[in-house]
$ cat input.pdb   # PDB, C-alpha atoms
MODEL        1
ATOM      1  CA  MET A   1     -14.581   5.340 -11.931
ATOM      2  CA  ASN A   2     -13.035   5.537 -15.402
ATOM      3  CA  PRO A   3     -11.868   8.983 -16.551
ATOM      4  CA  SER A   4     -14.004  10.625 -19.216
ATOM      5  CA  VAL A   5     -11.450  13.146 -20.477
ATOM      6  CA  SER A   6      -7.827  12.815 -21.588
ATOM      7  CA  ILE A   7      -5.847  16.060 -21.294
ATOM      8  CA  LEU A   8      -2.978  16.430 -23.787
ATOM      9  CA  ILE A   9      -0.177  18.788 -22.728
ATOM     10  CA  PRO A  10       3.097  19.349 -24.643
ATOM     11  CA  ASN A  11       5.998  20.724 -22.574
ATOM     12  CA  TYR A  12       9.167  22.521 -23.620
ATOM     13  CA  LYS A  13      11.614  23.905 -21.056
ATOM     14  CA  THR A  14       9.131  25.649 -18.766
ATOM     15  CA  PRO A  15       9.588  24.235 -15.232
ATOM     16  CA  ASP A  16       7.451  26.807 -13.422
ATOM     17  CA  LEU A  17       4.731  26.836 -16.061
ATOM     18  CA  VAL A  18       4.238  23.089 -16.284
ATOM     19  CA  ARG A  19       4.324  22.824 -12.492
ATOM     20  CA  LEU A  20       1.685  25.535 -12.172
ATOM     21  CA  CYS A  21      -0.473  24.097 -14.961
ATOM     22  CA  LEU A  22      -0.486  20.568 -13.572
ATOM     23  CA  ARG A  23      -0.926  21.625  -9.972
ATOM     24  CA  SER A  24      -3.878  23.817 -10.920
ATOM     25  CA  ILE A  25      -5.513  20.856 -12.674
ATOM     26  CA  ARG A  26      -4.758  18.660  -9.673
ATOM     27  CA  LYS A  27      -6.181  21.229  -7.257
ATOM     28  CA  PHE A  28      -9.431  21.903  -9.107
ATOM     29  CA  THR A  29     -10.247  18.575 -10.776
ATOM     30  CA  PRO A  30     -11.643  15.292  -9.382
ATOM     31  CA  PRO A  31      -8.649  12.905  -9.719
ATOM     32  CA  ASP A  32     -10.691  10.129 -11.312
ATOM     33  CA  ALA A  33     -12.286  12.390 -13.922
ATOM     34  CA  VAL A  34      -9.254  12.912 -16.162
ATOM     35  CA  ARG A  35      -6.210  11.196 -17.562
ATOM     36  CA  ILE A  36      -3.292  13.542 -18.139
ATOM     37  CA  ILE A  37      -0.820  12.811 -20.945
ATOM     38  CA  VAL A  38       2.230  15.077 -21.060
ATOM     39  CA  VAL A  39       4.694  15.008 -23.958
ATOM     40  CA  ASP A  40       8.078  16.477 -23.130
ATOM     41  CA  ASN A  41       9.823  17.853 -26.207
ATOM     42  CA  ALA A  42      13.385  16.947 -25.199
ATOM     43  CA  SER A  43      13.538  19.648 -22.535
ATOM     44  CA  CYS A  44      16.471  18.030 -20.724
ATOM     45  CA  ASP A  45      15.984  20.453 -17.830
ATOM     46  CA  ALA A  46      14.230  20.744 -14.470
ATOM     47  CA  SER A  47      10.809  20.469 -16.077
ATOM     48  CA  ARG A  48      11.531  16.936 -17.303
ATOM     49  CA  ASN A  49      12.831  15.918 -13.884
ATOM     50  CA  TYR A  50       9.669  17.313 -12.326
ATOM     51  CA  LEU A  51       7.429  15.437 -14.747
ATOM     52  CA  ARG A  52       9.275  12.192 -14.023
ATOM     53  CA  SER A  53       8.447  12.611 -10.338
ATOM     54  CA  LEU A  54       4.664  12.545 -10.898
ATOM     55  CA  ASP A  55       2.977   9.147 -10.754
ATOM     56  CA  TRP A  56      -0.458  10.518 -11.747
ATOM     57  CA  ILE A  57       0.439  11.536 -15.304
ATOM     58  CA  ARG A  58       1.425   9.580 -18.394
ATOM     59  CA  LEU A  59       4.738  11.031 -19.542
ATOM     60  CA  ILE A  60       6.015  10.606 -23.097
ATOM     61  CA  GLU A  61       9.648  11.686 -23.440
ATOM     62  CA  ARG A  62      11.045  12.811 -26.773
ATOM     63  CA  THR A  63      14.754  12.936 -27.461
ATOM     64  CA  PRO A  64      16.719  15.669 -29.264
ATOM     65  CA  VAL A  65      16.773  13.350 -32.293
ATOM     66  CA  ASP A  66      12.956  13.163 -32.242
ATOM     67  CA  ILE A  67      12.572  16.927 -32.587
ATOM     68  CA  ALA A  68      15.626  17.685 -34.738
ATOM     69  CA  GLY A  69      14.763  20.160 -37.486
ATOM     70  CA  LEU A  70      11.262  20.840 -36.202
ATOM     71  CA  GLU A  71      10.078  24.430 -35.866
ATOM     72  CA  PRO A  72       8.396  25.239 -32.519
ATOM     73  CA  ALA A  73       4.882  25.012 -33.978
ATOM     74  CA  ARG A  74       5.617  21.662 -35.592
ATOM     75  CA  MET A  75       7.246  20.395 -32.419
ATOM     76  CA  HIS A  76       4.008  21.237 -30.611
ATOM     77  CA  THR A  77       1.571  19.691 -33.093
ATOM     78  CA  THR A  78       3.477  16.417 -33.470
ATOM     79  CA  ALA A  79       3.632  16.126 -29.680
ATOM     80  CA  MET A  80      -0.155  16.475 -29.560
ATOM     81  CA  ASP A  81      -0.550  13.604 -31.998
ATOM     82  CA  LEU A  82       1.819  11.391 -30.009
ATOM     83  CA  ALA A  83      -0.421  11.905 -26.992
ATOM     84  CA  LEU A  84      -3.598  11.455 -29.032
ATOM     85  CA  ARG A  85      -2.547   7.908 -29.955
ATOM     86  CA  GLU A  86      -2.905   6.899 -26.310
ATOM     87  CA  VAL A  87      -6.348   8.394 -25.698
ATOM     88  CA  ASP A  88      -9.011   5.875 -24.693
ATOM     89  CA  THR A  89     -11.590   8.255 -23.194
ATOM     90  CA  PRO A  90     -14.810   9.649 -24.756
ATOM     91  CA  TYR A  91     -13.400  13.185 -24.764
ATOM     92  CA  VAL A  92      -9.986  14.668 -25.450
ATOM     93  CA  LEU A  93      -8.863  18.114 -24.286
ATOM     94  CA  SER A  94      -5.921  19.933 -25.845
ATOM     95  CA  PHE A  95      -4.118  22.136 -23.342
ATOM     96  CA  HIS A  96      -1.020  24.298 -22.997
ATOM     97  CA  THR A  97       1.359  24.557 -20.061
ATOM     98  CA  ASP A  98       0.458  28.251 -19.921
ATOM     99  CA  THR A  99      -3.254  27.527 -19.422
ATOM    100  CA  ILE A 100      -4.104  27.733 -15.724
ATOM    101  CA  VAL A 101      -7.425  26.636 -14.214
ATOM    102  CA  TYR A 102      -8.762  28.249 -11.038
ATOM    103  CA  SER A 103     -12.331  27.019 -10.634
ATOM    104  CA  PRO A 104     -13.508  23.611  -9.364
ATOM    105  CA  ASP A 105     -16.296  23.782 -11.959
ATOM    106  CA  TRP A 106     -14.066  24.185 -15.020
ATOM    107  CA  LEU A 107     -14.312  20.624 -16.339
ATOM    108  CA  GLU A 108     -18.021  20.315 -15.608
ATOM    109  CA  PHE A 109     -18.533  23.589 -17.482
ATOM    110  CA  LEU A 110     -16.743  22.361 -20.627
ATOM    111  CA  LEU A 111     -18.496  18.982 -20.587
ATOM    112  CA  GLY A 112     -21.820  20.735 -20.111
ATOM    113  CA  ARG A 113     -21.192  22.865 -23.204
ATOM    114  CA  ILE A 114     -20.244  19.972 -25.474
ATOM    115  CA  ASN A 115     -23.074  17.746 -24.266
ATOM    116  CA  ARG A 116     -25.826  20.273 -24.977
ATOM    117  CA  ASP A 117     -26.168  18.803 -28.463
ATOM    118  CA  GLU A 118     -24.808  15.563 -29.941
ATOM    119  CA  LYS A 119     -23.869  17.535 -33.078
ATOM    120  CA  ILE A 120     -21.365  19.606 -31.097
ATOM    121  CA  ALA A 121     -17.985  18.053 -31.869
ATOM    122  CA  GLY A 122     -15.787  20.570 -30.081
ATOM    123  CA  VAL A 123     -15.866  23.545 -27.747
ATOM    124  CA  GLY A 124     -13.188  26.079 -26.912
ATOM    125  CA  SER A 125     -12.044  29.559 -27.874
ATOM    126  CA  TRP A 126     -10.216  31.530 -30.524
ATOM    127  CA  LYS A 127      -8.492  33.719 -27.963
ATOM    128  CA  LEU A 128      -8.627  33.469 -24.212
ATOM    129  CA  GLU A 129      -7.614  36.773 -22.720
ATOM    130  CA  PHE A 130      -8.992  39.567 -20.603
ATOM    131  CA  ILE A 131      -9.107  42.881 -22.430
ATOM    132  CA  PRO A 132      -9.231  45.905 -20.094
ATOM    133  CA  PRO A 133     -12.149  48.279 -20.783
ATOM    134  CA  ALA A 134      -9.721  50.995 -21.857
ATOM    135  CA  LYS A 135      -8.460  48.784 -24.708
ATOM    136  CA  ARG A 136     -11.792  47.373 -25.862
ATOM    137  CA  PHE A 137     -12.693  50.397 -27.974
ATOM    138  CA  GLY A 138      -9.348  50.201 -29.748
ATOM    139  CA  LYS A 139      -9.907  46.493 -30.423
ATOM    140  CA  LYS A 140     -13.312  47.247 -31.940
ATOM    141  CA  LEU A 141     -11.749  49.846 -34.234
ATOM    142  CA  GLU A 142      -9.119  47.295 -35.241
ATOM    143  CA  VAL A 143     -11.837  44.771 -36.157
ATOM    144  CA  VAL A 144     -13.640  47.370 -38.298
ATOM    145  CA  GLU A 145     -10.376  48.341 -39.997
ATOM    146  CA  ASN A 146      -9.581  44.705 -40.798
ATOM    147  CA  ARG A 147     -13.035  44.137 -42.277
ATOM    148  CA  VAL A 148     -12.663  47.176 -44.524
ATOM    149  CA  LYS A 149      -9.263  45.891 -45.714
ATOM    150  CA  GLN A 150     -10.805  42.487 -46.429
ATOM    151  CA  LEU A 151     -13.610  44.060 -48.481
ATOM    152  CA  LEU A 152     -11.024  46.032 -50.469
ATOM    153  CA  GLY A 153      -8.951  42.906 -51.045
ATOM    154  CA  LEU A 154      -6.032  44.285 -49.035
ATOM    155  CA  LYS A 155      -6.187  41.549 -46.420
ATOM    156  CA  LYS A 156      -7.269  37.915 -46.407
ATOM    157  CA  PRO A 157     -10.280  37.032 -44.237
ATOM    158  CA  GLU A 158      -9.312  35.692 -40.842
ATOM    159  CA  VAL A 159      -9.943  31.962 -40.440
ATOM    160  CA  ARG A 160     -10.871  31.234 -36.835
ATOM    161  CA  PHE A 161     -10.715  27.828 -35.196
ATOM    162  CA  LEU A 162     -10.684  26.315 -31.710
ATOM    163  CA  ARG A 163      -7.139  26.897 -30.540
ATOM    164  CA  SER A 164      -5.214  24.235 -28.694
ATOM    165  CA  HIS A 165      -4.720  26.207 -25.467
ATOM    166  CA  CYS A 166      -8.127  24.800 -24.466
ATOM    167  CA  ALA A 167     -10.271  22.783 -26.882
ATOM    168  CA  LEU A 168     -12.493  19.867 -25.886
ATOM    169  CA  TYR A 169     -13.440  17.327 -28.589
ATOM    170  CA  ARG A 170     -15.441  14.137 -28.898
ATOM    171  CA  THR A 171     -12.711  11.538 -29.392
ATOM    172  CA  ASP A 172     -14.636   9.315 -31.802
ATOM    173  CA  LEU A 173     -15.401  12.210 -34.151
ATOM    174  CA  LEU A 174     -11.836  13.484 -33.946
ATOM    175  CA  ARG A 175     -10.547  10.090 -35.074
ATOM    176  CA  GLN A 176     -13.219   9.436 -37.673
ATOM    177  CA  TYR A 177     -13.191  12.745 -39.524
ATOM    178  CA  THR A 178      -9.744  14.337 -39.016
ATOM    179  CA  HIS A 179      -6.050  13.594 -39.361
ATOM    180  CA  GLY A 180      -5.112  14.835 -35.907
ATOM    181  CA  PHE A 181      -3.314  17.959 -34.801
ATOM    182  CA  SER A 182      -0.180  17.939 -36.951
ATOM    183  CA  GLU A 183      -1.757  18.560 -40.345
ATOM    184  CA  GLY A 184      -0.794  22.138 -41.170
ATOM    185  CA  LYS A 185       1.099  24.600 -38.994
ATOM    186  CA  SER A 186      -1.536  25.419 -36.361
ATOM    187  CA  ALA A 187      -2.798  22.781 -33.932
ATOM    188  CA  GLY A 188      -6.545  22.413 -34.325
ATOM    189  CA  LYS A 189      -7.015  24.353 -37.561
ATOM    190  CA  SER A 190      -7.529  21.377 -39.869
ATOM    191  CA  ILE A 191      -9.551  19.584 -37.170
ATOM    192  CA  HIS A 192     -11.966  22.525 -37.069
ATOM    193  CA  LYS A 193     -12.221  22.548 -40.865
ATOM    194  CA  TYR A 194     -12.904  18.830 -41.257
ATOM    195  CA  LEU A 195     -15.463  18.595 -38.474
ATOM    196  CA  THR A 196     -17.305  21.677 -39.711
ATOM    197  CA  GLU A 197     -17.382  20.332 -43.271
ATOM    198  CA  ALA A 198     -18.754  17.040 -41.911
ATOM    199  CA  GLY A 199     -21.727  18.963 -40.552
ATOM    200  CA  PHE A 200     -20.759  19.164 -36.902
ATOM    201  CA  ILE A 201     -20.844  22.234 -34.668
ATOM    202  CA  MET A 202     -17.614  23.746 -33.366
ATOM    203  CA  GLU A 203     -18.638  26.107 -30.580
ATOM    204  CA  PHE A 204     -16.664  29.192 -29.629
ATOM    205  CA  ILE A 205     -17.085  29.997 -25.946
ATOM    206  CA  PRO A 206     -16.941  33.773 -25.362
ATOM    207  CA  PRO A 207     -13.632  34.605 -23.655
ATOM    208  CA  GLU A 208     -15.398  36.696 -21.018
ATOM    209  CA  LEU A 209     -17.232  33.501 -20.014
ATOM    210  CA  LEU A 210     -14.317  31.086 -20.224
ATOM    211  CA  ILE A 211     -12.022  33.271 -18.119
ATOM    212  CA  ARG A 212     -14.327  32.640 -15.173
ATOM    213  CA  TYR A 213     -12.735  29.193 -15.096
ATOM    214  CA  MET A 214      -9.198  29.537 -16.469
ATOM    215  CA  GLU A 215      -6.527  31.873 -17.798
ATOM    216  CA  HIS A 216      -4.214  31.567 -20.776
ATOM    217  CA  LEU A 217      -0.817  33.190 -20.253
ATOM    218  CA  ASN A 218      -0.406  33.943 -23.944
ATOM    219  CA  HIS A 219       3.055  33.313 -25.486
ATOM    220  CA  ALA A 220       4.491  32.330 -22.086
ATOM    221  CA  THR A 221       6.609  29.475 -23.475
ATOM    222  CA  MET A 222       8.237  31.760 -26.034
ATOM    223  CA  ILE A 223       8.762  34.487 -23.446
ATOM    224  CA  LEU A 224      10.579  32.052 -21.160
ATOM    225  CA  ASN A 225      12.555  30.597 -24.075
ATOM    226  CA  PRO A 226      13.679  33.614 -26.104
ATOM    227  CA  VAL A 227      15.746  31.441 -28.428
ATOM    228  CA  VAL A 228      12.511  30.193 -30.003
ATOM    229  CA  GLY A 229      10.538  33.383 -29.403
ATOM    230  CA  SER A 230       9.984  36.434 -31.532
ATOM    231  CA  ARG A 231      11.526  39.807 -30.799
ATOM    232  CA  ARG A 232       8.252  40.912 -29.238
ATOM    233  CA  THR A 233       7.845  37.952 -26.884
ATOM    234  CA  SER A 234      11.494  37.872 -25.829
ATOM    235  CA  SER A 235      11.564  41.500 -24.670
ATOM    236  CA  PRO A 236      12.236  42.386 -20.997
ATOM    237  CA  LYS A 237       8.817  44.066 -20.898
ATOM    238  CA  ALA A 238       7.052  40.842 -21.923
ATOM    239  CA  ARG A 239       8.968  38.821 -19.340
ATOM    240  CA  LYS A 240       8.201  41.307 -16.580
ATOM    241  CA  ALA A 241       4.487  41.223 -17.437
ATOM    242  CA  LEU A 242       4.507  37.411 -17.358
ATOM    243  CA  GLU A 243       6.282  37.318 -13.995
ATOM    244  CA  PHE A 244       3.617  39.653 -12.592
ATOM    245  CA  ARG A 245       0.852  37.332 -13.766
ATOM    246  CA  LEU A 246       2.626  34.233 -12.428
ATOM    247  CA  ALA A 247       2.992  35.865  -9.024
ATOM    248  CA  ARG A 248      -0.789  35.695  -8.624
ATOM    249  CA  TYR A 249      -0.493  31.910  -8.420
ATOM    250  CA  GLY A 250       2.227  31.838  -5.783
ATOM    251  CA  ASP A 251       0.136  29.702  -3.438
ATOM    252  CA  ILE A 252      -0.240  26.921  -6.019
ATOM    253  CA  LEU A 253       3.436  27.053  -7.014
ATOM    254  CA  ALA A 254       4.402  26.735  -3.360
ATOM    255  CA  ASP A 255       2.068  23.813  -2.620
ATOM    256  CA  ASP A 256       4.187  20.678  -3.080
ATOM    257  CA  SER A 257       1.380  18.517  -1.720
ATOM    258  CA  LEU A 258      -0.385  18.856  -5.065
ATOM    259  CA  ASP A 259       2.329  16.722  -6.650
ATOM    260  CA  ARG A 260       1.371  13.677  -4.589
TER     261      ARG A 260
ENDMDL
END

$ encode --input "input.pdb" --output "structure tokens"
Amino acid sequence: MNPSVSILIPNYKTPDLVRLCLRSIRKFTPPDAVRIIVVDNASCDASRNYLRSLDWIRLIERTPVDIAGLEPARMHTTAMDLALREVDTPYVLSFHTDTIVYSPDWLEFLLGRINRDEKIAGVGSWKLEFIPPAKRFGKKLEVVENRVKQLLGLKKPEVRFLRSHCALYRTDLLRQYTHGFSEGKSAGKSIHKYLTEAGFIMEFIPPELLIRYMEHLNHATMILNPVVGSRRTSSPKARKALEFRLARYGDILADDSLDR
């Protein structure tokens, strides 16, 4: 059986995250269904050693010279394009090390969404997070406030696109109509624009539906690497919250058998 989906995953100095991400894919995905391509952005740490130990991934190793002068976002997008060059499957899935799957139906779900119509070129989400009921009302007020500011010309309209923490594309359309992930600062933004302008559908999956299959630990890489993170993501509070969320996956992190 030939894999139908190539999963592209950039890594930067996050040993526990990349271990958890890959083990969750391994645990909940038929092994012959996917090809996993990981690009290590010159981590030179335990995460690179871990990746080297896996014989079921394709590992691309970048050197410090390769990423010299690149901002974190640019380091990420260029890594995605390095992986994209090696894709030979009908579908390509962009992924982050802080995206964790926990349902055996996750891949079937995404393929089912994109195959509902041949005009659907990509499926994914803008944000993938659970918002507690107590905060939902405040979020709604924030949306209304932003729309009022946009109408008054005080704020530019928000441009939404399928973000790279989980976005499934048709490979042939991605190659025919776009310039890959590294055009612009945000991975996937120009892809969304070009495919939409070409008349294809880019489907946003409601986060409350997608979180039945996976979780995105937002900003986890920056929280674990405060040198590249903002003041907000490098705070002790943010790290404590991330550690609490990671603890929920202790069984996967402890299961070394998933590496074989």

$ resolve_selection --input "input.pdb" --expression "the PyMOL selection byres ((chain A and resi 183-196) around 6)" --output "ChimeraX atom specification"
/A:77,161,163-164,178,181-182,197-200

$ closest_residue --input "input.pdb" --among "A:Asn115, A:Ser47, A:Thr99, A:Ser4" --to "Leu217 of chain A" --atoms "all atoms listed in the file"
A:Thr99

$ closest_residue --input "input.pdb" --among "A:Leu209, A:Ala241, A:Ala83, A:Ala33" --to "Leu224 of chain A" --atoms "all atoms listed in the file"
A:Ala241

$ resolve_selection --input "input.pdb" --expression "the PyMOL selection byres ((chain A and resi 110) around 12)" --output "number ranges by chain"
A: 5, 91-93, 103-109, 111-116, 120, 122-125, 166-170, 203-205, 209-210, 212-214

$ resolve_selection --input "input.pdb" --expression "the PyMOL selection byres ((chain A and resi 62) around 9)" --output "ChimeraX atom specification"
/A:39-43,60-61,63-67,79

$ closest_residue --input "input.pdb" --among "A:Val38, A:Lys237, A:Thr221, A:Glu71" --to "Asp55 of chain A" --atoms "only C-alpha atoms"
A:Val38

$ build_atoms --input "input.pdb" --residues "segment 113-127 of chain A" --atoms "N, CA and C atoms" --output "PDB file, keeping the file's coordinate frame"
ATOM      1  N   ARG A 113     -21.053  22.167 -21.921  1.00  0.00           N
ATOM      2  CA  ARG A 113     -21.192  22.865 -23.204  1.00  0.00           C
ATOM      3  C   ARG A 113     -21.214  21.878 -24.377  1.00  0.00           C
ATOM      4  N   ILE A 114     -20.331  20.880 -24.335  1.00  0.00           N
ATOM      5  CA  ILE A 114     -20.244  19.972 -25.474  1.00  0.00           C
ATOM      6  C   ILE A 114     -21.406  18.982 -25.502  1.00  0.00           C
ATOM      7  N   ASN A 115     -21.988  18.718 -24.339  1.00  0.00           N
ATOM      8  CA  ASN A 115     -23.074  17.746 -24.266  1.00  0.00           C
ATOM      9  C   ASN A 115     -24.462  18.361 -24.431  1.00  0.00           C
ATOM     10  N   ARG A 116     -24.526  19.646 -24.745  1.00  0.00           N
ATOM     11  CA  ARG A 116     -25.826  20.273 -24.977  1.00  0.00           C
ATOM     12  C   ARG A 116     -26.483  19.762 -26.255  1.00  0.00           C
ATOM     13  N   ASP A 117     -25.653  19.281 -27.180  1.00  0.00           N
ATOM     14  CA  ASP A 117     -26.168  18.803 -28.463  1.00  0.00           C
ATOM     15  C   ASP A 117     -25.186  17.768 -28.996  1.00  0.00           C
ATOM     16  N   GLU A 118     -25.697  16.622 -29.446  1.00  0.00           N
ATOM     17  CA  GLU A 118     -24.808  15.563 -29.941  1.00  0.00           C
ATOM     18  C   GLU A 118     -24.087  15.967 -31.219  1.00  0.00           C
ATOM     19  N   LYS A 119     -24.541  17.043 -31.867  1.00  0.00           N
ATOM     20  CA  LYS A 119     -23.869  17.535 -33.078  1.00  0.00           C
ATOM     21  C   LYS A 119     -22.685  18.438 -32.756  1.00  0.00           C
ATOM     22  N   ILE A 120     -22.527  18.800 -31.485  1.00  0.00           N
ATOM     23  CA  ILE A 120     -21.365  19.606 -31.097  1.00  0.00           C
ATOM     24  C   ILE A 120     -20.153  18.685 -30.987  1.00  0.00           C
ATOM     25  N   ALA A 121     -19.177  18.902 -31.847  1.00  0.00           N
ATOM     26  CA  ALA A 121     -17.985  18.053 -31.869  1.00  0.00           C
ATOM     27  C   ALA A 121     -16.846  18.635 -31.053  1.00  0.00           C
ATOM     28  N   GLY A 122     -16.867  19.948 -30.838  1.00  0.00           N
ATOM     29  CA  GLY A 122     -15.787  20.570 -30.081  1.00  0.00           C
ATOM     30  C   GLY A 122     -16.214  21.902 -29.501  1.00  0.00           C
ATOM     31  N   VAL A 123     -15.632  22.235 -28.366  1.00  0.00           N
ATOM     32  CA  VAL A 123     -15.866  23.545 -27.747  1.00  0.00           C
ATOM     33  C   VAL A 123     -14.525  24.114 -27.291  1.00  0.00           C
ATOM     34  N   GLY A 124     -14.422  25.428 -27.333  1.00  0.00           N
ATOM     35  CA  GLY A 124     -13.188  26.079 -26.912  1.00  0.00           C
ATOM     36  C   GLY A 124     -13.236  27.547 -27.241  1.00  0.00           C
ATOM     37  N   SER A 125     -12.081  28.125 -27.580  1.00  0.00           N
ATOM     38  CA  SER A 125     -12.044  29.559 -27.874  1.00  0.00           C
ATOM     39  C   SER A 125     -11.029  29.869 -28.956  1.00  0.00           C
ATOM     40  N   TRP A 126     -11.200  31.016 -29.567  1.00  0.00           N
ATOM     41  CA  TRP A 126     -10.216  31.530 -30.524  1.00  0.00           C
ATOM     42  C   TRP A 126      -9.087  32.199 -29.746  1.00  0.00           C
ATOM     43  N   LYS A 127      -9.458  33.112 -28.874  1.00  0.00           N
ATOM     44  CA  LYS A 127      -8.492  33.719 -27.963  1.00  0.00           C
ATOM     45  C   LYS A 127      -9.073  33.665 -26.558  1.00  0.00           C
TER      46      LYS A 127
END
